[in-house]
$ cat target18.cif   # mmCIF, C-alpha atoms and all ligand atoms
data_protein
#
loop_
_atom_site.group_PDB
_atom_site.id
_atom_site.type_symbol
_atom_site.label_atom_id
_atom_site.label_comp_id
_atom_site.auth_asym_id
_atom_site.auth_seq_id
_atom_site.Cartn_x
_atom_site.Cartn_y
_atom_site.Cartn_z
ATOM 1 C CA MET A 1 18.864 7.034 -20.384
ATOM 2 C CA LYS A 2 16.174 4.505 -19.524
ATOM 3 C CA ARG A 3 18.154 3.335 -16.472
ATOM 4 C CA ARG A 4 18.384 6.899 -15.244
ATOM 5 C CA ALA A 5 14.621 7.367 -15.581
ATOM 6 C CA ILE A 6 13.990 4.224 -13.544
ATOM 7 C CA ARG A 7 16.427 5.303 -10.882
ATOM 8 C CA TYR A 8 14.820 8.694 -10.338
ATOM 9 C CA ARG A 9 11.201 7.704 -10.498
ATOM 10 C CA ARG A 10 8.778 8.643 -7.740
ATOM 11 C CA TYR A 11 7.043 5.283 -7.640
ATOM 12 C CA VAL A 12 8.426 1.765 -7.699
ATOM 13 C CA HIS A 13 5.744 -0.775 -8.447
ATOM 14 C CA SER A 14 7.620 -4.068 -8.471
ATOM 15 C CA LYS A 15 7.448 -5.702 -5.031
ATOM 16 C CA TRP A 16 10.297 -7.947 -6.075
ATOM 17 C CA ALA A 17 12.601 -5.012 -6.952
ATOM 18 C CA LYS A 18 11.853 -3.297 -3.617
ATOM 19 C CA THR A 19 12.319 -6.503 -1.634
ATOM 20 C CA LYS A 20 15.726 -7.108 -3.225
ATOM 21 C CA VAL A 21 16.924 -3.623 -2.268
ATOM 22 C CA LEU A 22 15.709 -4.039 1.321
ATOM 23 C CA LEU A 23 17.306 -7.452 1.688
ATOM 24 C CA SER A 24 20.667 -5.888 0.862
ATOM 25 C CA ASP A 25 20.657 -4.259 4.315
ATOM 26 C CA PRO A 26 20.923 -6.966 6.990
ATOM 27 C CA ALA A 27 19.354 -4.739 9.693
ATOM 28 C CA ILE A 28 16.205 -4.533 7.536
ATOM 29 C CA GLY A 29 16.523 -7.983 5.968
ATOM 30 C CA ARG A 30 15.961 -9.684 9.303
ATOM 31 C CA HIS A 31 12.487 -8.090 9.395
ATOM 32 C CA ILE A 32 11.499 -9.432 5.966
ATOM 33 C CA PRO A 33 9.847 -12.849 5.800
ATOM 34 C CA PRO A 34 11.575 -15.190 3.320
ATOM 35 C CA THR A 35 10.338 -14.115 -0.120
ATOM 36 C CA LYS A 36 10.902 -15.696 -3.545
ATOM 37 C CA LYS A 37 9.508 -15.576 -7.039
ATOM 38 C CA LEU A 38 6.601 -17.987 -7.359
ATOM 39 C CA THR A 39 7.297 -21.194 -9.290
ATOM 40 C CA ALA A 40 6.049 -24.764 -8.850
ATOM 41 C CA ALA A 41 9.314 -25.510 -7.030
ATOM 42 C CA THR A 42 9.260 -22.525 -4.637
ATOM 43 C CA LEU A 43 5.587 -23.214 -3.866
ATOM 44 C CA GLU A 44 6.390 -26.787 -2.881
ATOM 45 C CA GLU A 45 9.482 -25.875 -0.911
ATOM 46 C CA MET A 46 8.092 -22.835 0.937
ATOM 47 C CA LEU A 47 4.696 -24.335 1.724
ATOM 48 C CA HIS A 48 6.180 -27.513 3.187
ATOM 49 C CA GLN A 49 8.716 -25.503 5.144
ATOM 50 C CA HIS A 50 6.419 -22.795 6.568
ATOM 51 C CA LYS A 51 2.987 -24.488 6.394
ATOM 52 C CA MET A 52 1.389 -21.126 5.581
ATOM 53 C CA VAL A 53 2.485 -18.807 2.788
ATOM 54 C CA TYR A 54 1.167 -15.768 0.945
ATOM 55 C CA VAL A 55 1.249 -15.630 -2.843
ATOM 56 C CA LYS A 56 0.861 -12.135 -4.235
ATOM 57 C CA PRO A 57 1.161 -10.308 -7.552
ATOM 58 C CA SER A 58 4.555 -8.637 -7.850
ATOM 59 C CA ILE A 59 2.667 -5.566 -9.030
ATOM 60 C CA GLY A 60 -0.537 -5.449 -7.052
ATOM 61 C CA ALA A 61 -2.827 -3.104 -5.219
ATOM 62 C CA PHE A 62 -5.470 -3.019 -2.508
ATOM 63 C CA GLY A 63 -4.873 -6.648 -1.569
ATOM 64 C CA ASN A 64 -6.463 -7.845 -4.805
ATOM 65 C CA GLY A 65 -5.182 -11.168 -6.099
ATOM 66 C CA VAL A 66 -3.453 -12.009 -2.804
ATOM 67 C CA ILE A 67 -3.712 -15.714 -1.929
ATOM 68 C CA ARG A 68 -3.148 -17.423 1.425
ATOM 69 C CA VAL A 69 -2.001 -21.047 1.038
ATOM 70 C CA GLU A 70 -1.957 -23.559 3.889
ATOM 71 C CA TRP A 71 -0.752 -27.088 4.458
ATOM 72 C CA ARG A 72 -2.353 -28.769 7.443
ATOM 73 C CA PRO A 73 -0.772 -32.206 7.631
ATOM 74 C CA ASN A 74 -2.882 -35.048 9.051
ATOM 75 C CA THR A 75 -6.191 -33.423 8.222
ATOM 76 C CA PRO A 76 -8.549 -34.415 5.409
ATOM 77 C CA GLN A 77 -7.758 -32.377 2.318
ATOM 78 C CA PRO A 78 -4.628 -30.853 3.862
ATOM 79 C CA TYR A 79 -3.873 -28.371 1.042
ATOM 80 C CA ARG A 80 -5.960 -25.214 1.003
ATOM 81 C CA TYR A 81 -5.928 -21.783 -0.440
ATOM 82 C CA GLN A 82 -8.096 -18.688 -0.233
ATOM 83 C CA ARG A 83 -8.279 -15.735 -2.599
ATOM 84 C CA GLY A 84 -10.891 -13.070 -1.971
ATOM 85 C CA LEU A 85 -13.831 -14.933 -0.473
ATOM 86 C CA LYS A 86 -13.154 -18.096 -2.443
ATOM 87 C CA LYS A 87 -11.702 -21.059 -0.532
ATOM 88 C CA ARG A 88 -10.519 -24.325 -2.067
ATOM 89 C CA GLN A 89 -9.272 -27.569 -0.518
ATOM 90 C CA PHE A 90 -7.341 -30.448 -2.069
ATOM 91 C CA ASP A 91 -6.174 -33.970 -1.232
ATOM 92 C CA SER A 92 -2.710 -33.571 -2.680
ATOM 93 C CA PHE A 93 -0.047 -30.959 -3.266
ATOM 94 C CA GLY A 94 -0.119 -31.704 -7.006
ATOM 95 C CA GLU A 95 -3.829 -30.921 -7.378
ATOM 96 C CA MET A 96 -3.555 -27.757 -5.329
ATOM 97 C CA SER A 97 -0.489 -26.520 -7.132
ATOM 98 C CA ARG A 98 -2.018 -27.135 -10.591
ATOM 99 C CA SER A 99 -5.082 -25.127 -9.621
ATOM 100 C CA LEU A 100 -3.115 -22.299 -8.009
ATOM 101 C CA LEU A 101 -0.513 -22.009 -10.745
ATOM 102 C CA LYS A 102 -3.313 -21.693 -13.304
ATOM 103 C CA LEU A 103 -4.599 -18.642 -11.408
ATOM 104 C CA THR A 104 -1.164 -17.078 -11.281
ATOM 105 C CA SER A 105 0.069 -17.874 -14.781
ATOM 106 C CA VAL A 106 -0.700 -14.510 -16.380
ATOM 107 C CA ARG A 107 1.270 -12.180 -14.112
ATOM 108 C CA SER A 108 4.431 -12.454 -12.086
ATOM 109 C CA TYR A 109 3.854 -13.448 -8.445
ATOM 110 C CA LEU A 110 5.886 -13.623 -5.260
ATOM 111 C CA ILE A 111 5.656 -16.216 -2.536
ATOM 112 C CA GLN A 112 6.322 -15.205 1.040
ATOM 113 C CA GLN A 113 6.337 -16.966 4.375
ATOM 114 C CA GLY A 114 2.979 -16.235 6.021
ATOM 115 C CA ILE A 115 3.066 -14.413 9.329
ATOM 116 C CA HIS A 116 0.338 -15.339 11.806
ATOM 117 C CA LEU A 117 -0.938 -11.856 12.475
ATOM 118 C CA LEU A 118 -2.044 -10.785 15.921
ATOM 119 C CA THR A 119 -5.774 -10.412 16.330
ATOM 120 C CA TYR A 120 -8.160 -7.835 17.739
ATOM 121 C CA ARG A 121 -11.632 -9.092 18.614
ATOM 122 C CA LYS A 122 -10.677 -12.277 16.719
ATOM 123 C CA LYS A 123 -9.825 -10.348 13.543
ATOM 124 C CA ARG A 124 -6.337 -10.224 12.087
ATOM 125 C CA PHE A 125 -4.579 -6.888 11.970
ATOM 126 C CA ASP A 126 -1.412 -5.352 10.601
ATOM 127 C CA ILE A 127 0.103 -1.886 10.801
ATOM 128 C CA ARG A 128 0.701 0.834 8.218
ATOM 129 C CA VAL A 129 3.763 2.969 8.894
ATOM 130 C CA MET A 130 3.901 6.220 6.899
ATOM 131 C CA VAL A 131 7.385 7.587 6.277
ATOM 132 C CA GLN A 132 7.922 10.852 4.396
ATOM 133 C CA LYS A 133 10.746 13.189 3.512
ATOM 134 C CA ASN A 134 10.535 16.301 5.679
ATOM 135 C CA THR A 135 11.447 19.886 4.807
ATOM 136 C CA LYS A 136 15.095 19.162 5.493
ATOM 137 C CA GLY A 137 15.009 16.260 3.060
ATOM 138 C CA ASN A 138 15.336 13.676 5.840
ATOM 139 C CA TRP A 139 13.090 10.648 6.204
ATOM 140 C CA GLU A 140 10.630 10.959 9.080
ATOM 141 C CA THR A 141 7.973 8.529 10.311
ATOM 142 C CA THR A 142 4.857 10.701 10.343
ATOM 143 C CA GLY A 143 1.999 8.288 11.022
ATOM 144 C CA ILE A 144 1.281 4.804 12.342
ATOM 145 C CA ILE A 145 -2.155 3.191 12.182
ATOM 146 C CA GLY A 146 -3.598 -0.301 12.525
ATOM 147 C CA ARG A 147 -5.727 -2.047 9.923
ATOM 148 C CA VAL A 148 -8.115 -4.735 11.123
ATOM 149 C CA GLY A 149 -9.108 -7.145 8.373
ATOM 150 C CA ASP A 150 -12.551 -8.319 7.356
ATOM 151 C CA PRO A 151 -12.713 -11.746 9.079
ATOM 152 C CA ARG A 152 -13.886 -13.444 5.870
ATOM 153 C CA LYS A 153 -10.766 -12.308 3.987
ATOM 154 C CA VAL A 154 -7.034 -13.040 4.086
ATOM 155 C CA VAL A 155 -5.962 -9.391 3.670
ATOM 156 C CA THR A 156 -6.383 -6.341 5.908
ATOM 157 C CA ASN A 157 -6.595 -3.656 3.207
ATOM 158 C CA VAL A 158 -9.206 -0.952 3.682
ATOM 159 C CA HIS A 159 -10.285 -1.504 0.057
ATOM 160 C CA ASN A 160 -11.028 -5.086 1.065
ATOM 161 C CA GLY A 161 -13.214 -4.322 4.063
ATOM 162 C CA GLY A 162 -10.460 -3.522 6.582
ATOM 163 C CA THR A 163 -11.076 -0.939 9.310
ATOM 164 C CA LEU A 164 -8.655 1.565 10.807
ATOM 165 C CA VAL A 165 -7.887 1.474 14.525
ATOM 166 C CA PRO A 166 -5.149 3.191 16.584
ATOM 167 C CA VAL A 167 -2.191 0.877 17.181
ATOM 168 C CA GLU A 168 -2.195 1.637 20.909
ATOM 169 C CA LYS A 169 -5.610 0.007 21.139
ATOM 170 C CA LEU A 170 -4.677 -3.006 19.020
ATOM 171 C CA MET A 171 -1.498 -3.700 20.954
ATOM 172 C CA GLU A 172 -3.044 -3.185 24.404
ATOM 173 C CA HIS A 173 -3.277 -6.913 25.095
ATOM 174 C CA TYR A 174 0.127 -7.731 23.710
ATOM 175 C CA LEU A 175 2.325 -5.091 25.314
ATOM 176 C CA PRO A 176 2.648 -3.953 28.897
ATOM 177 C CA ALA A 177 2.128 -0.177 29.102
ATOM 178 C CA SER A 178 5.843 0.224 29.841
ATOM 179 C CA ARG A 179 6.814 -1.284 26.457
ATOM 180 C CA LYS A 180 4.250 0.551 24.339
ATOM 181 C CA SER A 181 6.356 3.589 23.568
ATOM 182 C CA SER A 182 9.492 1.550 22.855
ATOM 183 C CA PHE A 183 7.509 -0.609 20.415
ATOM 184 C CA LEU A 184 6.238 2.470 18.573
ATOM 185 C CA GLN A 185 9.747 3.896 18.570
ATOM 186 C CA GLU A 186 11.036 0.655 17.069
ATOM 187 C CA LEU A 187 8.507 1.003 14.232
ATOM 188 C CA ARG A 188 9.472 4.623 13.650
ATOM 189 C CA THR A 189 13.177 3.781 13.495
ATOM 190 C CA LEU A 190 12.571 0.831 11.193
ATOM 191 C CA GLY A 191 10.496 3.112 8.934
ATOM 192 C CA VAL A 192 13.278 5.662 8.631
ATOM 193 C CA LYS A 193 15.831 2.926 7.908
ATOM 194 C CA VAL A 194 13.628 1.526 5.132
ATOM 195 C CA GLY A 195 13.269 5.024 3.630
ATOM 196 C CA GLN A 196 17.013 5.600 3.684
ATOM 197 C CA THR A 197 17.836 2.206 2.181
ATOM 198 C CA LEU A 198 15.309 2.533 -0.629
ATOM 199 C CA THR A 199 16.514 6.038 -1.538
ATOM 200 C CA ASN A 200 20.056 4.762 -1.992
ATOM 201 C CA ARG A 201 18.696 2.881 -4.970
ATOM 202 C CA TYR A 202 15.731 5.128 -5.862
ATOM 203 C CA PRO A 203 16.639 8.734 -4.953
ATOM 204 C CA GLY A 204 13.361 10.041 -6.418
ATOM 205 C CA LEU A 205 11.197 8.553 -3.646
ATOM 206 C CA LYS A 206 9.458 11.046 -1.357
ATOM 207 C CA GLU A 207 7.157 8.925 0.750
ATOM 208 C CA ILE A 208 6.486 5.295 1.538
ATOM 209 C CA GLY A 209 3.827 3.302 3.382
ATOM 210 C CA ILE A 210 5.158 0.151 5.012
ATOM 211 C CA ASP A 211 2.826 -2.751 5.785
ATOM 212 C CA VAL A 212 4.079 -4.305 9.004
ATOM 213 C CA ALA A 213 2.865 -7.581 10.480
ATOM 214 C CA VAL A 214 3.440 -8.320 14.138
ATOM 215 C CA ASP A 215 3.868 -11.940 15.231
ATOM 216 C CA ASN A 216 3.077 -13.510 18.589
ATOM 217 C CA GLN A 217 6.579 -12.678 19.852
ATOM 218 C CA VAL A 218 5.707 -9.027 19.117
ATOM 219 C CA LEU A 219 8.323 -8.930 16.373
ATOM 220 C CA PRO A 220 7.666 -6.633 13.412
ATOM 221 C CA TRP A 221 7.788 -8.080 9.887
ATOM 222 C CA ILE A 222 7.806 -5.971 6.743
ATOM 223 C CA LEU A 223 5.212 -7.380 4.333
ATOM 224 C CA GLU A 224 5.661 -4.766 1.665
ATOM 225 C CA VAL A 225 6.500 -1.155 0.969
ATOM 226 C CA ASN A 226 4.108 1.058 -1.007
ATOM 227 C CA THR A 227 5.536 4.050 -2.821
ATOM 228 C CA ALA A 228 2.163 5.804 -3.320
ATOM 229 C CA PRO A 229 0.655 5.481 0.167
ATOM 230 C CA ASP A 230 -2.806 6.863 0.923
ATOM 231 C CA PRO A 231 -2.488 9.819 3.328
ATOM 232 C CA TYR A 232 -6.217 9.975 4.060
ATOM 233 C CA ILE A 233 -6.330 6.844 6.239
ATOM 234 C CA PHE A 234 -4.745 8.937 9.021
ATOM 235 C CA ARG A 235 -7.891 11.069 9.266
ATOM 236 C CA LYS A 236 -9.281 8.193 11.321
ATOM 237 C CA LEU A 237 -6.902 8.819 14.225
ATOM 238 C CA PRO A 238 -8.238 10.758 17.217
ATOM 239 C CA ASP A 239 -4.957 12.719 17.381
ATOM 240 C CA LYS A 240 -5.592 15.179 14.547
ATOM 241 C CA ARG A 241 -1.990 16.394 14.533
ATOM 242 C CA VAL A 242 -0.941 13.171 12.797
ATOM 243 C CA PHE A 243 -3.124 13.673 9.728
ATOM 244 C CA ARG A 244 -2.266 17.352 9.603
ATOM 245 C CA LYS A 245 1.426 16.554 9.325
ATOM 246 C CA VAL A 246 1.030 13.609 6.932
ATOM 247 C CA TYR A 247 -1.198 15.706 4.691
ATOM 248 C CA ALA A 248 1.064 18.766 4.761
ATOM 249 C CA TYR A 249 4.050 16.656 3.662
ATOM 250 C CA TRP A 250 1.998 14.780 1.103
ATOM 251 C CA LYS A 251 0.680 17.996 -0.407
ATOM 252 C CA ARG A 252 4.166 19.348 -0.763
ATOM 253 C CA HIS A 253 5.383 16.199 -2.479
ATOM 254 C CA ARG A 254 2.423 15.430 -4.683
ATOM 255 C CA PRO A 255 3.268 15.581 -8.351
ATOM 256 C CA LYS A 256 1.296 18.553 -9.691
ATOM 257 C CA ARG A 257 1.203 16.990 -13.147
ATOM 258 C CA ILE A 258 -0.900 14.042 -12.016
ATOM 259 C CA LEU A 259 -3.298 15.904 -9.751
ATOM 260 C CA LYS A 260 -4.194 18.741 -12.126
ATOM 261 C CA PRO A 261 -7.923 18.410 -12.861
ATOM 262 C CA LEU A 262 -8.624 17.052 -16.321
ATOM 263 C CA PRO A 263 -10.249 19.308 -18.921
ATOM 264 C CA LYS A 264 -14.066 19.391 -18.634
ATOM 265 C CA ARG A 265 -14.585 17.456 -21.851
ATOM 266 C CA TYR A 266 -13.467 14.257 -20.093
ATOM 267 C CA GLY A 267 -16.458 14.632 -17.808
ATOM 268 C CA LEU A 268 -14.637 12.971 -14.916
ATOM 269 C CA GLY A 269 -12.665 14.376 -11.994
ATOM 270 C CA ILE A 270 -9.196 13.006 -11.452
ATOM 271 C CA ALA A 271 -10.356 11.284 -8.271
ATOM 272 C CA LYS A 272 -12.824 9.214 -10.258
ATOM 273 C CA ILE A 273 -10.281 8.332 -12.899
ATOM 274 C CA ARG A 274 -7.852 7.171 -10.254
ATOM 275 C CA ARG A 275 -10.447 5.058 -8.506
ATOM 276 C CA ARG A 276 -11.408 3.301 -11.724
ATOM 277 C CA LYS A 277 -7.894 1.927 -12.213
HETATM 278 N N1 LIG A 301 3.499 -12.753 4.408
HETATM 279 C C1 LIG A 301 2.297 -12.403 4.861
HETATM 280 N N2 LIG A 301 1.842 -12.901 6.038
HETATM 281 C C2 LIG A 301 0.622 -12.544 6.511
HETATM 282 N N3 LIG A 301 -0.207 -11.691 5.890
HETATM 283 C C3 LIG A 301 0.190 -11.159 4.713
HETATM 284 C C4 LIG A 301 1.466 -11.489 4.140
HETATM 285 N N4 LIG A 301 1.591 -10.806 2.978
HETATM 286 C C5 LIG A 301 0.447 -10.088 2.827
HETATM 287 N N5 LIG A 301 -0.401 -10.301 3.864
HETATM 288 C C6 LIG A 301 -1.738 -9.691 4.042
HETATM 289 O O1 LIG A 301 -2.228 -9.299 2.784
HETATM 290 C C7 LIG A 301 -2.338 -7.872 2.701
HETATM 291 C C8 LIG A 301 -2.001 -7.399 1.306
HETATM 292 O O2 LIG A 301 -0.683 -7.759 0.945
HETATM 293 P P1 LIG A 301 0.306 -6.724 0.268
HETATM 294 O O3 LIG A 301 0.301 -5.473 1.084
HETATM 295 O O4 LIG A 301 1.595 -7.399 0.074
HETATM 296 O O5 LIG A 301 -0.330 -6.458 -1.177
HETATM 297 P P2 LIG A 301 -1.264 -5.253 -1.689
HETATM 298 O O6 LIG A 301 -1.960 -4.637 -0.529
HETATM 299 O O7 LIG A 301 -2.111 -5.787 -2.779
HETATM 300 O O8 LIG A 301 -0.329 -4.197 -2.251
HETATM 301 P P3 LIG A 301 -0.511 -2.627 -2.075
HETATM 302 O O9 LIG A 301 -0.428 -2.298 -0.603
HETATM 303 O O10 LIG A 301 0.586 -2.129 -2.915
HETATM 304 O O11 LIG A 301 -1.869 -2.197 -2.549
HETATM 305 C C9 LIG A 301 -1.405 -7.355 3.803
HETATM 306 O O12 LIG A 301 -1.781 -6.084 4.239
HETATM 307 C C10 LIG A 301 -1.618 -8.431 4.876
HETATM 308 O O13 LIG A 301 -2.823 -8.237 5.580
HETATM 309 MG MG MG A 302 -0.398 -3.534 1.057
#
$ encode --input "target18.cif" --output "structure tokens"
Amino acid sequence: MKRRAIRYRRYVHSKWAKTKVLLSDPAIGRHIPPTKKLTAATLEEMLHQHKMVYVKPSIGAFGNGVIRVEWRPNTPQPYRYQRGLKKRQFDSFGEMSRSLLKLTSVRSYLIQQGIHLLTYRKKRFDIRVMVQKNTKGNWETTGIIGRVGDPRKVVTNVHNGGTLVPVEKLMEHYLPASRKSSFLQELRTLGVKVGQTLTNRYPGLKEIGIDVAVDNQVLPWILEVNTAPDPYIFRKLPDKRVFRKVYAYWKRHRPKRILKPLPKRYGLGIAKIRRRK
């Protein structure tokens, strides 16, 4: 009974569970940076192999708790990490790992190869790809938008100071005009494939927001898949048709039970309650 409930749920929170499902499809798996559960051993192995890794809560939101870890051999204090605005540097792996593992001991974390994101005006950016089930019940990529990170932070999330910019603008310097539409098409196709693969395991899903990093070879990497993506970010696009479609689909799918306003005696609208989480 419990298994059935998990299978049909609308939201899947565990990044690890979603990553495992996606890795089962080789066409998608080759777009996922190596990802493992965080332990002292995987930290040592992955950091020395990739030199830059991201450590993130398996169940996280808004970029909170995400840590970027770097090893810069042949520099003083070669081991560094940053979480939020806080940066720390260490002489040895042992010192760094003790400090980091203390921060991550309470919850379950993943470790992932870091992708060196492309930049726009010297700020890192990644791309949110919105994929929703359409009226026919087929997955459709309905919106694509870029998120430019706050330069003081290691994440691009809007809740962490990120700003929203059309992808065409962000990719201008990296793609000749002739390749722009094929790049966007590649993202759309990847989005649909991710939707289809996740629904094989979780048939209850209706919409997903994929965080895609692009490396300096212009290859897309899937950083994570959100199952409760924010539709409102697409209001920022000059092409108003995008938000209209995203919103229309979202409205149709939204679970009425959750969005019903709370009785007056609570004194708070649902929007406020949600934001306080
Ligand atoms: N492997 C990585 N390489 C480079 N940057 C990364 C990597 N993983 C995460 N990031 C950066 O950190 C941000 C937040 O990471 P992620 O999306 O995995 O967690 P989250 O935003 O907290 O989760 P959610 O989107 O569910 O709220 C990403 O948008 C990206 O900017
Ligand atoms: Mg995210």
$ resolve_selection --input "target18.cif" --expression "the PyMOL selection byres (((not hetatm)) within 9 of (chain A and resi 301))" --output "ChimeraX atom specification"
/A:13,15,32-35,52-68,111-117,124-128,147-149,154-157,159,209-213,221-229
$ closest_residue --input "target18.cif" --among "A:Leu85, A:Glu140, A:Asp230, A:Gln77" --to "ligand MG 302 (chain A)" --atoms "only C-alpha atoms and all ligand atoms"
A:Asp230
$ resolve_selection --input "target18.cif" --expression "the PyMOL selection byres (((chain A and resi 231-248) around 12) and not hetatm)" --output "PyMOL selection string"
chain A and resi 127-135+140-147+157-159+162-169+207-209+226-230+249-254
$ atom_distance --input "target18.cif" --atom1 "CA of Lys206 in chain A" --atom2 "CA of Trp16 in chain A"
19.6 Å
$ atom_distance --input "target18.cif" --atom1 "CA of Lys87 in chain A" --atom2 "CA of Asn216 in chain A"
25.3 Å
$ closest_residue --input "target18.cif" --among "A:Met96, A:Leu198, A:Val214, A:Leu101" --to "Leu118 in chain A" --atoms "all atoms listed in the file"
A:Val214
$ closest_residue --input "target18.cif" --among "A:Asn160, A:Asp25, A:Glu70, A:Ser108" --to "ligand MG 302 (chain A)" --atoms "all atoms listed in the file"
A:Asn160
$ atom_distance --input "target18.cif" --atom1 "CA of Arg152 in chain A" --atom2 "CA of Gly84 in chain A"
8.4 Å
$ residues_around --input "target18.cif" --residues "Pro203 in chain A" --least-positions-apart "4" --cutoff "8 Å" --atoms "only C-alpha atoms" --output "PDB file with C-alpha atoms, in the frame of the given file"
ATOM      1  CA  ARG A   7      16.427   5.303 -10.882  1.00  0.00           C
ATOM      2  CA  TYR A   8      14.820   8.694 -10.338  1.00  0.00           C
ATOM      3  CA  ARG A   9      11.201   7.704 -10.498  1.00  0.00           C
ATOM      4  CA  LEU A 198      15.309   2.533  -0.629  1.00  0.00           C
ATOM      5  CA  THR A 199      16.514   6.038  -1.538  1.00  0.00           C
TER       6      THR A 199
END
$ resolve_selection --input "target18.cif" --expression "the PyMOL selection byres (((chain A and resi 187) around 9) and not hetatm)" --output "list in words"
Val129, Thr141, Ile144, Ser182, Phe183, Leu184, Gln185, Glu186, Arg188, Thr189, Leu190, Gly191, Val192, Val212 and Pro220 of chain A
$ write_last_selection --input "target18.cif" --atoms "C-alpha atoms" --output "PDB file, keeping the file's coordinate frame"
ATOM      1  CA  VAL A 129       3.763   2.969   8.894  1.00  0.00           C
ATOM      2  CA  THR A 141       7.973   8.529  10.311  1.00  0.00           C
ATOM      3  CA  ILE A 144       1.281   4.804  12.342  1.00  0.00           C
ATOM      4  CA  SER A 182       9.492   1.550  22.855  1.00  0.00           C
ATOM      5  CA  PHE A 183       7.509  -0.609  20.415  1.00  0.00           C
ATOM      6  CA  LEU A 184       6.238   2.470  18.573  1.00  0.00           C
ATOM      7  CA  GLN A 185       9.747   3.896  18.570  1.00  0.00           C
ATOM      8  CA  GLU A 186      11.036   0.655  17.069  1.00  0.00           C
ATOM      9  CA  ARG A 188       9.472   4.623  13.650  1.00  0.00           C
ATOM     10  CA  THR A 189      13.177   3.781  13.495  1.00  0.00           C
ATOM     11  CA  LEU A 190      12.571   0.831  11.193  1.00  0.00           C
ATOM     12  CA  GLY A 191      10.496   3.112   8.934  1.00  0.00           C
ATOM     13  CA  VAL A 192      13.278   5.662   8.631  1.00  0.00           C
ATOM     14  CA  VAL A 212       4.079  -4.305   9.004  1.00  0.00           C
ATOM     15  CA  PRO A 220       7.666  -6.633  13.412  1.00  0.00           C
TER      16      PRO A 220
END
